[in-house]
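So this one's run-v8.txt, compact mmCIF, C-alpha atoms:
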```
# COMPACT_ATOMS: atom_id res chain seq x y z
CA MET A 1 19.94 2.21 1.40
CA ARG A 2 17.68 4.83 2.92
CA SER A 3 17.10 6.47 -0.40
CA ALA A 4 16.37 3.11 -1.99
CA VAL A 5 13.85 2.31 0.70
CA ALA A 6 12.32 5.74 0.38
CA LYS A 7 12.03 5.39 -3.35
CA ALA A 8 10.59 1.92 -3.12
CA LEU A 9 8.06 2.94 -0.51
CA THR A 10 7.07 5.91 -2.55
CA LEU A 11 6.58 3.76 -5.60
CA LEU A 12 4.41 1.47 -3.57
CA PHE A 13 2.36 4.34 -2.36
CA LEU A 14 2.12 5.65 -5.87
CA ALA A 15 0.74 2.33 -6.89
CA VAL A 16 -1.61 1.58 -4.05
CA GLY A 17 -2.40 5.03 -2.77
CA GLY A 18 -2.38 6.87 -6.00
CA ILE A 19 -0.19 9.87 -5.35
CA ALA A 20 1.37 10.82 -8.66
CA LEU A 21 4.53 12.78 -8.94
CA ALA A 22 4.47 16.39 -9.97
CA SER A 23 1.51 15.90 -12.12
CA GLY A 24 -1.32 16.58 -9.80
CA PRO A 25 -3.19 13.34 -9.30
CA ALA A 26 -3.39 11.68 -5.94
CA SER A 27 -5.01 8.99 -3.80
CA ALA A 28 -8.51 7.55 -3.67
CA ASP A 29 -11.32 6.56 -1.34
CA VAL A 30 -8.65 6.08 1.20
CA VAL A 31 -8.46 9.84 0.89
CA SER A 32 -10.37 12.74 2.22
CA PRO A 33 -12.53 14.03 0.65
CA PRO A 34 -13.60 10.79 -1.04
CA GLY A 35 -13.25 10.95 -4.78
CA GLY A 36 -10.93 13.95 -4.67
CA CYS A 37 -8.31 11.76 -6.28
CA SER A 38 -8.14 8.20 -7.53
CA ALA A 39 -5.52 5.78 -8.76
CA ILE A 40 -4.90 2.32 -10.10
CA GLY A 41 -1.80 0.21 -9.59
CA ASP A 42 -1.19 -2.85 -11.75
CA PHE A 43 1.55 -5.16 -10.45
CA THR A 44 2.73 -6.87 -13.60
CA HIS A 45 4.48 -10.00 -12.30
CA ALA A 46 2.06 -10.65 -9.45
CA LYS A 47 -0.88 -10.06 -11.76
CA LEU A 48 -2.43 -7.90 -9.08
CA THR A 49 -4.47 -4.80 -9.78
CA VAL A 50 -5.20 -2.40 -6.97
CA HIS A 51 -7.89 0.24 -7.19
CA SER A 52 -7.49 2.88 -4.56
CA SER A 53 -11.24 3.26 -4.30
CA ALA A 54 -11.51 -0.34 -3.10
CA TYR A 55 -9.78 0.31 0.20
CA VAL A 56 -10.22 2.25 3.39
CA PRO A 57 -7.35 3.77 5.41
CA SER A 58 -7.27 0.90 7.90
CA ASP A 59 -6.77 -1.71 5.18
CA VAL A 60 -3.43 -3.45 4.70
CA ILE A 61 -2.39 -3.90 1.09
CA VAL A 62 0.11 -6.72 0.62
CA VAL A 63 2.44 -6.08 -2.27
CA PRO A 64 5.24 -8.14 -3.86
CA GLN A 65 8.83 -7.52 -2.83
CA VAL A 66 9.90 -7.16 -6.44
CA ASP A 67 7.68 -6.12 -9.29
CA VAL A 68 6.85 -3.60 -11.97
CA VAL A 69 3.93 -1.29 -11.34
CA GLN A 70 1.86 0.29 -14.07
CA TRP A 71 0.20 3.18 -12.30
CA SER A 72 -2.17 5.97 -13.11
CA GLY A 73 -3.48 8.79 -10.96
CA HIS A 74 -6.33 11.20 -11.47
CA GLU A 75 -7.39 14.39 -9.83
CA HIS A 76 -11.20 14.60 -9.75
CA ASP A 77 -11.31 11.64 -12.15
CA LYS A 78 -9.76 13.64 -14.97
CA PRO A 79 -8.67 11.23 -17.75
CA ILE A 80 -5.07 10.69 -18.80
CA GLY A 81 -4.05 13.42 -21.19
CA TYR A 82 -6.48 15.99 -19.83
CA VAL A 83 -5.01 19.45 -19.49
CA GLY A 84 -6.51 22.39 -17.67
CA PRO A 85 -5.64 25.82 -16.35
CA LYS A 86 -2.09 26.27 -15.12
CA ARG A 87 -1.72 26.32 -11.37
CA PRO A 88 0.98 25.53 -8.81
CA ILE A 89 0.90 22.02 -7.41
CA ALA A 90 2.70 20.38 -4.50
CA GLY A 91 2.54 17.24 -2.46
CA ALA A 92 4.40 14.71 -0.40
CA VAL A 93 4.48 11.07 0.60
CA ARG A 94 5.40 10.35 4.20
CA LEU A 95 6.15 7.33 6.32
CA VAL A 96 4.38 7.48 9.68
CA LEU A 97 6.52 6.45 12.66
CA PRO A 98 5.73 5.82 16.33
CA GLY A 99 4.61 8.93 18.15
CA SER A 100 2.87 10.24 15.03
CA PHE A 101 6.15 11.46 13.59
CA ASP A 102 6.25 11.75 9.82
CA VAL A 103 9.28 11.23 7.66
CA SER A 104 8.93 12.64 4.17
CA ILE A 105 10.15 10.10 1.68
CA TRP A 106 9.22 12.11 -1.36
CA ARG A 107 8.14 15.67 -1.99
CA TRP A 108 7.21 17.37 -5.20
CA ALA A 109 6.24 20.81 -6.33
CA GLU A 110 5.73 22.50 -9.65
CA ALA A 111 5.14 26.20 -10.12
CA GLU A 112 2.90 25.79 -13.15
CA SER A 113 1.30 22.56 -14.23
CA THR A 114 -1.52 21.93 -16.67
CA ARG A 115 -1.84 18.22 -16.00
CA TYR A 116 -4.61 16.80 -13.84
CA SER A 117 -3.72 13.16 -14.33
CA ASN A 118 -0.69 11.08 -15.02
CA ALA A 119 0.43 7.52 -15.67
CA GLY A 120 3.64 5.59 -15.81
CA ALA A 121 5.50 2.39 -15.05
CA GLU A 122 8.08 1.85 -12.34
CA SER A 123 10.05 -1.19 -11.31
CA TYR A 124 11.02 -1.61 -7.70
CA ARG A 125 12.86 -3.98 -5.40
CA LEU A 126 12.24 -3.68 -1.68
CA PRO A 127 14.87 -4.72 0.87
CA SER A 128 14.09 -7.83 2.88
CA ILE A 129 14.08 -5.89 6.16
CA LEU A 130 10.62 -4.66 5.13
CA ILE A 131 9.06 -8.11 4.69
CA GLY A 132 6.09 -8.50 7.00
CA VAL A 133 6.40 -5.00 8.43
CA LYS A 134 3.14 -3.07 8.43
CA LEU A 135 3.98 0.38 7.18
CA LYS A 136 1.63 3.31 7.27
CA VAL A 137 2.19 5.80 4.51
CA ASN A 138 0.24 8.97 3.98
CA GLY A 139 0.26 11.68 1.40
CA PHE A 140 -1.42 14.78 0.14
CA GLU A 141 -1.80 16.80 -3.01
CA GLU A 142 -2.12 20.57 -3.12
CA ASP A 143 -3.57 22.40 -6.08
CA ALA A 144 -3.14 26.19 -6.15
CA GLY A 145 -2.39 26.14 -2.44
CA ARG A 146 -5.51 24.19 -1.60
CA THR A 147 -5.39 20.58 -0.45
CA VAL A 148 -7.24 18.58 -3.07
CA CYS A 149 -6.94 15.30 -1.21
CA SER A 150 -5.00 13.58 1.50
CA GLY A 151 -5.04 10.06 2.78
CA SER A 152 -3.22 7.08 4.13
CA VAL A 153 -3.04 3.33 3.79
CA PHE A 154 -1.06 0.45 5.30
CA VAL A 155 1.38 -1.39 3.06
CA GLU A 156 2.98 -4.73 3.82
CA VAL A 157 5.62 -6.49 1.77
CA ALA A 158 4.79 -10.11 0.95
CA GLY A 159 7.13 -12.94 1.89
CA SER A 160 8.15 -15.16 4.76
CA VAL A 161 8.82 -13.16 7.91
CA PHE A 162 11.69 -15.53 8.65
CA ALA A 163 13.46 -14.11 5.61
CA ASN A 164 13.50 -10.74 7.33
CA PRO A 165 16.87 -10.30 9.10
CA LEU A 166 15.39 -7.58 11.28
CA GLY A 167 13.21 -10.19 12.98
CA TRP A 168 16.25 -12.27 13.93
CA VAL A 169 17.97 -9.14 15.21
CA GLY A 170 14.91 -8.44 17.34
CA LEU A 171 14.83 -11.97 18.73
CA ALA A 172 18.55 -12.08 19.45
CA GLY A 173 18.53 -8.65 21.07
CA SER A 174 15.51 -9.57 23.17
CA ALA A 175 17.19 -12.75 24.40
CA LEU A 176 20.46 -10.95 25.15
CA PHE A 177 18.90 -8.13 27.14
CA LEU A 178 16.49 -10.48 28.87
CA LEU A 179 19.60 -12.20 30.16
CA GLY A 180 20.86 -8.79 31.27
CA LEU A 181 17.60 -8.24 33.12
CA VAL A 182 18.03 -11.52 34.96
CA VAL A 183 21.60 -10.57 35.89
CA ALA A 184 20.36 -7.19 37.12
CA GLY A 185 17.79 -8.98 39.25
CA PHE A 186 20.35 -11.06 41.11
CA ARG A 187 21.04 -9.74 44.56
CA LYS A 188 24.56 -8.51 44.93
CA VAL A 189 26.26 -9.02 48.23
CA ARG A 190 28.38 -6.15 49.36
CA PRO A 191 29.84 -5.22 52.73
CA ALA A 192 28.00 -2.60 54.76
CA ALA A 193 29.78 0.41 56.29
CA ASP A 194 30.41 -1.34 59.59
CA ASP A 195 32.01 -4.26 57.84
CA VAL A 196 35.20 -2.30 57.24
CA ARG A 197 37.72 -2.94 59.90
CA PRO A 198 39.59 0.18 61.07
CA MET B 199 41.92 -8.65 67.78
CA ALA B 200 38.45 -7.28 67.13
CA THR B 201 35.80 -9.69 66.05
CA ARG B 202 34.84 -9.03 62.50
CA ARG B 203 31.11 -8.52 62.43
CA VAL B 204 29.73 -8.73 58.96
CA ARG B 205 26.40 -7.31 57.88
CA ARG B 206 25.62 -7.81 54.25
CA ARG B 207 22.93 -6.23 52.15
CA ALA B 208 21.66 -8.07 49.12
CA ARG B 209 20.09 -6.06 46.27
CA GLY B 210 20.02 -5.99 42.49
CA ARG B 211 21.47 -3.54 39.98
CA PRO B 212 18.86 -0.93 39.06
CA VAL B 213 21.05 0.95 36.57
CA LEU B 214 21.93 -2.21 34.70
CA GLY B 215 18.31 -3.25 34.94
CA GLY B 216 17.09 0.02 33.49
CA VAL B 217 19.48 -0.11 30.55
CA CYS B 218 18.79 -3.77 29.85
CA GLY B 219 15.04 -3.24 30.22
CA LEU B 220 15.10 -0.35 27.80
CA PHE B 221 16.95 -2.32 25.15
CA PHE B 222 14.86 -5.40 25.85
CA GLY B 223 11.74 -3.36 25.11
CA PHE B 224 13.35 -1.94 21.98
CA PHE B 225 14.34 -5.30 20.52
CA LEU B 226 11.07 -6.88 21.57
CA SER B 227 9.19 -4.18 19.70
CA ILE B 228 11.30 -4.95 16.61
CA ALA B 229 10.48 -8.65 16.89
CA LEU B 230 6.79 -7.90 17.36
CA THR B 231 6.82 -5.60 14.35
CA VAL B 232 8.10 -8.39 12.14
CA TYR B 233 6.46 -11.47 13.64
CA ALA B 234 3.26 -10.17 15.20
CA GLY B 235 2.27 -7.59 12.61
CA ILE B 236 2.36 -4.60 14.93
CA ALA B 237 2.24 -1.54 12.70
CA LEU B 238 5.39 0.55 12.53
CA ASN B 239 3.49 3.65 13.60
CA SER B 240 1.92 1.97 16.63
CA PRO B 241 2.42 3.73 19.98
CA LEU B 242 3.07 0.29 21.43
CA HIS B 243 6.73 0.59 20.43
CA ILE B 244 7.36 3.60 22.65
CA GLU B 245 5.29 2.07 25.43
CA LEU B 246 7.31 -1.16 25.28
CA VAL B 247 10.61 0.69 25.53
CA ALA B 248 9.38 2.82 28.45
CA ALA B 249 7.80 -0.14 30.22
CA GLY B 250 10.99 -2.16 29.71
CA ALA B 251 13.09 0.54 31.36
CA VAL B 252 10.70 0.85 34.30
CA PHE B 253 10.49 -2.92 34.67
CA GLY B 254 14.28 -3.23 34.55
CA ILE B 255 14.76 -0.60 37.25
CA ALA B 256 12.16 -2.33 39.40
CA ILE B 257 13.87 -5.69 38.91
CA GLY B 258 17.18 -4.12 39.87
CA LEU B 259 15.73 -2.50 42.99
CA VAL B 260 13.90 -5.57 44.22
CA GLY B 261 16.51 -8.12 43.26
CA PRO B 262 14.21 -11.12 43.15
CA PHE B 263 16.87 -13.65 42.15
CA GLY B 264 19.64 -15.24 44.13
CA ARG B 265 19.98 -15.81 47.83
CA SER B 266 17.86 -13.83 50.24
CA ARG B 267 19.44 -11.78 53.05
CA GLY B 268 18.55 -14.44 55.58
CA GLY B 269 19.89 -17.09 53.30
CA ALA B 270 23.19 -15.29 52.92
CA HIS B 271 23.61 -14.97 56.69
CA ALA B 272 22.58 -18.52 57.17
CA ALA B 273 25.22 -19.61 54.73
CA ARG B 274 27.86 -17.62 56.58
CA ARG B 275 26.71 -18.92 59.94
CA GLY B 276 26.90 -22.42 58.61
```

For the file at hand, write its structure as structure tokens.
Amino acid sequence: MRSAVAKALTLLFLAVGGIALASGPASADVVSPPGGCSAIGDFTHAKLTVHSSAYVPSDVIVVPQVDVVQWSGHEHDKPIGYVGPKRPIAGAVRLVLPGSFDVSIWRWAEAESTRYSNAGAESYRLPSILIGVKLKVNGFEEDAGRTVCSGSVFVEVAGSVFANPLGWVGLAGSALFLLGLVVAGFRKVRPAADDVRP
Amino acid sequence: MATRRVRRRARGRPVLGGVCGLFFGFFLSIALTVYAGIALNSPLHIELVAAGAVFGIAIGLVGPFGRSRGGAHAARRG
């Protein structure tokens, strides 16, 4: 399931953040430097279009649990189909965890690429354990060893939080171990050393 | 026959408290992530787990529930 989650998250980030695979383009005004990269994600079933330049890194973008995304990404606003000098490109999309740990969910690299933009369509289905969870994803794009852009954005999967089994696990576990805490707080009565009769 | 003199000490279970507190913090952070919209990358998760462990140990050391020492002796005397 991990790979499925990773793929789905990456697709989301492709759509809303604008990092494009192995083709060079990347994020948007959620990126630094602004305008270094830009992207558009069009969620077909939800009829939702997301422009990366319309958000800042602290924004939360709510996306459908299941959809098809028509995406395009541009490096320095280069149009789709534009080709330029060959150069090595690389990048990654990462999920940010507590303690500022990053888990790479997708990496790419190409020794020689002439593309400065790309577009495509991807369908995805996210597991219900992600519903309502605010995920921070970040990414970067390197062009000839130089970081063209990097950025991050929060993504949240739409749906009722009560449909998320992880929430019930959290509630049940909390109740169980709260009971354990109460038990641990009860005074135990045990005989002292001088209680033992010789 | 020697008179049996009993002195009892009432206290909680700090090890159990620490373990339960740690897991309580862990599961609480999961519930807050889903229901309260706490971001997955928030440092609050680690703080909750650590605070839960500390709180559990403290609960176990203090033993705030159940009969007090005086109460226990009083019960025996009765």

- Message: Please list as number ranges by chain every residue within 8 Å of Leu259 (chain B), counting all atoms listed in the file and excluding residues in the same chain fewer than 4 positions away.
- Response: A: 185; B: 209-212, 255

- Contact set, chain B to chain A: 7 Å, all atoms listed in the file, as a count of residues only: 40

- Item | Close residues, Ile61 (chain A) itself excluded, 9 Å, all atoms listed in the file, min 2 positions apart in chain, as a list in words |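 Once the nearby chain positions are removed, what remains is Val16, Val50, Tyr55, Asp59, Val63, Val153, Phe154, Val155, Glu156 and Val157 of chain A.
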
- Task: Give me, please, the distance in Å between CA of Ala158 (chain A) and CA of Gly91 (chain A), quoted to one decimal.
- Result: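 Atom-to-atom, CA of Ala158 (chain A) to CA of Gly91 (chain A), that is 27.7 Å.
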
- Query: Residues at most 6 Å from Val93 (chain A), counting only C-alpha atoms, excluding those fewer than 3 positions away in the same chain, as a ChimeraX atom specification?
  - Reply: /A:104-106,138-139

Mind dumping the selected residues with C-alpha atoms as a PDB file, keeping the file's coordinate frame?
```pdb
ATOM      1  CA  SER A 104       8.930  12.640   4.170  1.00  0.00           C
ATOM      2  CA  ILE A 105      10.150  10.100   1.680  1.00  0.00           C
ATOM      3  CA  TRP A 106       9.220  12.110  -1.360  1.00  0.00           C
ATOM      4  CA  ASN A 138       0.240   8.970   3.980  1.00  0.00           C
ATOM      5  CA  GLY A 139       0.260  11.680   1.400  1.00  0.00           C
TER       6      GLY A 139
END
```

- Task: Have a look at CA of Ser152 (chain A) and CA of Arg94 (chain A) and let me know their distance in Å, one decimal.
- Result: 9.2 Å

Build an axis-aligned box that encloses every atom of region 63-79 of chain A listed in the file, pad it by 8 Å on each side, and report its centre and edge lengths in Å to one decimal, as AutoDock Vina command-line options.
```
--center_x -0.7 --center_y 3.2 --center_z -10.0 --size_x 37.2 --size_y 38.7 --size_z 31.5
```

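Among the candidates A:Arg115, A:Arg107, A:Arg146, A:His51, the one nearest to Gly81 (chain A) when counting all atoms listed in the file is A:Arg115.
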
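You will find CA of Val213 (chain B) at 14.3 Å from CA of Ala248 (chain B).
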
- So which residues touch Thr44 (chain A) within 12 Å, counting all atoms listed in the file, skipping near sequence neighbours fewer than 2 positions away, as JSON, numbers by chain? {"A": [15, 41, 42, 46, 47, 48, 49, 50, 63, 64, 66, 67, 68, 69, 70, 71, 121, 122, 123, 124]}

Starting from the incomplete input, reconstruct N, CA and C atoms of region 116-137 of chain A and write that as a CSV table (one decimal), in the frame of the given file.
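Saved file selection_37.csv follows:
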```csv
chain,number,residue,atom,x,y,z
A,116,TYR,N,-3.7,17.2,-14.9
A,116,TYR,CA,-4.6,16.8,-13.8
A,116,TYR,C,-4.7,15.3,-13.7
A,117,SER,N,-3.8,14.6,-14.4
A,117,SER,CA,-3.7,13.2,-14.3
A,117,SER,C,-2.4,12.7,-14.9
A,118,ASN,N,-2.0,11.5,-14.5
A,118,ASN,CA,-0.7,11.1,-15.0
A,118,ASN,C,-0.6,9.6,-14.9
A,119,ALA,N,0.3,9.0,-15.7
A,119,ALA,CA,0.4,7.5,-15.7
A,119,ALA,C,1.9,7.2,-16.0
A,120,GLY,N,2.3,6.0,-15.6
A,120,GLY,CA,3.6,5.6,-15.8
A,120,GLY,C,3.9,4.2,-15.4
A,121,ALA,N,5.1,3.7,-15.5
A,121,ALA,CA,5.5,2.4,-15.0
A,121,ALA,C,6.8,2.5,-14.3
A,122,GLU,N,6.9,1.8,-13.2
A,122,GLU,CA,8.1,1.8,-12.3
A,122,GLU,C,8.4,0.4,-11.9
A,123,SER,N,9.7,0.1,-11.9
A,123,SER,CA,10.0,-1.2,-11.3
A,123,SER,C,10.6,-0.9,-9.9
A,124,TYR,N,10.5,-1.8,-9.0
A,124,TYR,CA,11.0,-1.6,-7.7
A,124,TYR,C,11.5,-2.9,-7.1
A,125,ARG,N,12.4,-2.8,-6.2
A,125,ARG,CA,12.9,-4.0,-5.4
A,125,ARG,C,13.0,-3.5,-4.0
A,126,LEU,N,12.2,-4.1,-3.1
A,126,LEU,CA,12.2,-3.7,-1.7
A,126,LEU,C,13.2,-4.5,-0.9
A,127,PRO,N,13.9,-3.9,0.1
A,127,PRO,CA,14.9,-4.7,0.9
A,127,PRO,C,14.1,-5.7,1.8
A,128,SER,N,14.8,-6.8,2.1
A,128,SER,CA,14.1,-7.8,2.9
A,128,SER,C,13.8,-7.4,4.3
A,129,ILE,N,14.4,-6.3,4.8
A,129,ILE,CA,14.1,-5.9,6.2
A,129,ILE,C,12.7,-5.3,6.2
A,130,LEU,N,12.0,-5.2,5.1
A,130,LEU,CA,10.6,-4.7,5.1
A,130,LEU,C,9.6,-5.8,5.0
A,131,ILE,N,10.0,-7.0,4.8
A,131,ILE,CA,9.1,-8.1,4.7
A,131,ILE,C,8.3,-8.3,6.0
A,132,GLY,N,7.0,-8.3,5.9
A,132,GLY,CA,6.1,-8.5,7.0
A,132,GLY,C,5.9,-7.3,7.9
A,133,VAL,N,6.5,-6.2,7.6
A,133,VAL,CA,6.4,-5.0,8.4
A,133,VAL,C,5.2,-4.2,7.9
A,134,LYS,N,4.3,-3.8,8.8
A,134,LYS,CA,3.1,-3.1,8.4
A,134,LYS,C,3.5,-1.6,8.5
A,135,LEU,N,3.6,-1.0,7.3
A,135,LEU,CA,4.0,0.4,7.2
A,135,LEU,C,2.8,1.3,6.9
A,136,LYS,N,2.7,2.4,7.6
A,136,LYS,CA,1.6,3.3,7.3
A,136,LYS,C,2.3,4.5,6.5
A,137,VAL,N,1.7,4.7,5.3
A,137,VAL,CA,2.2,5.8,4.5
A,137,VAL,C,1.0,6.7,4.3
```
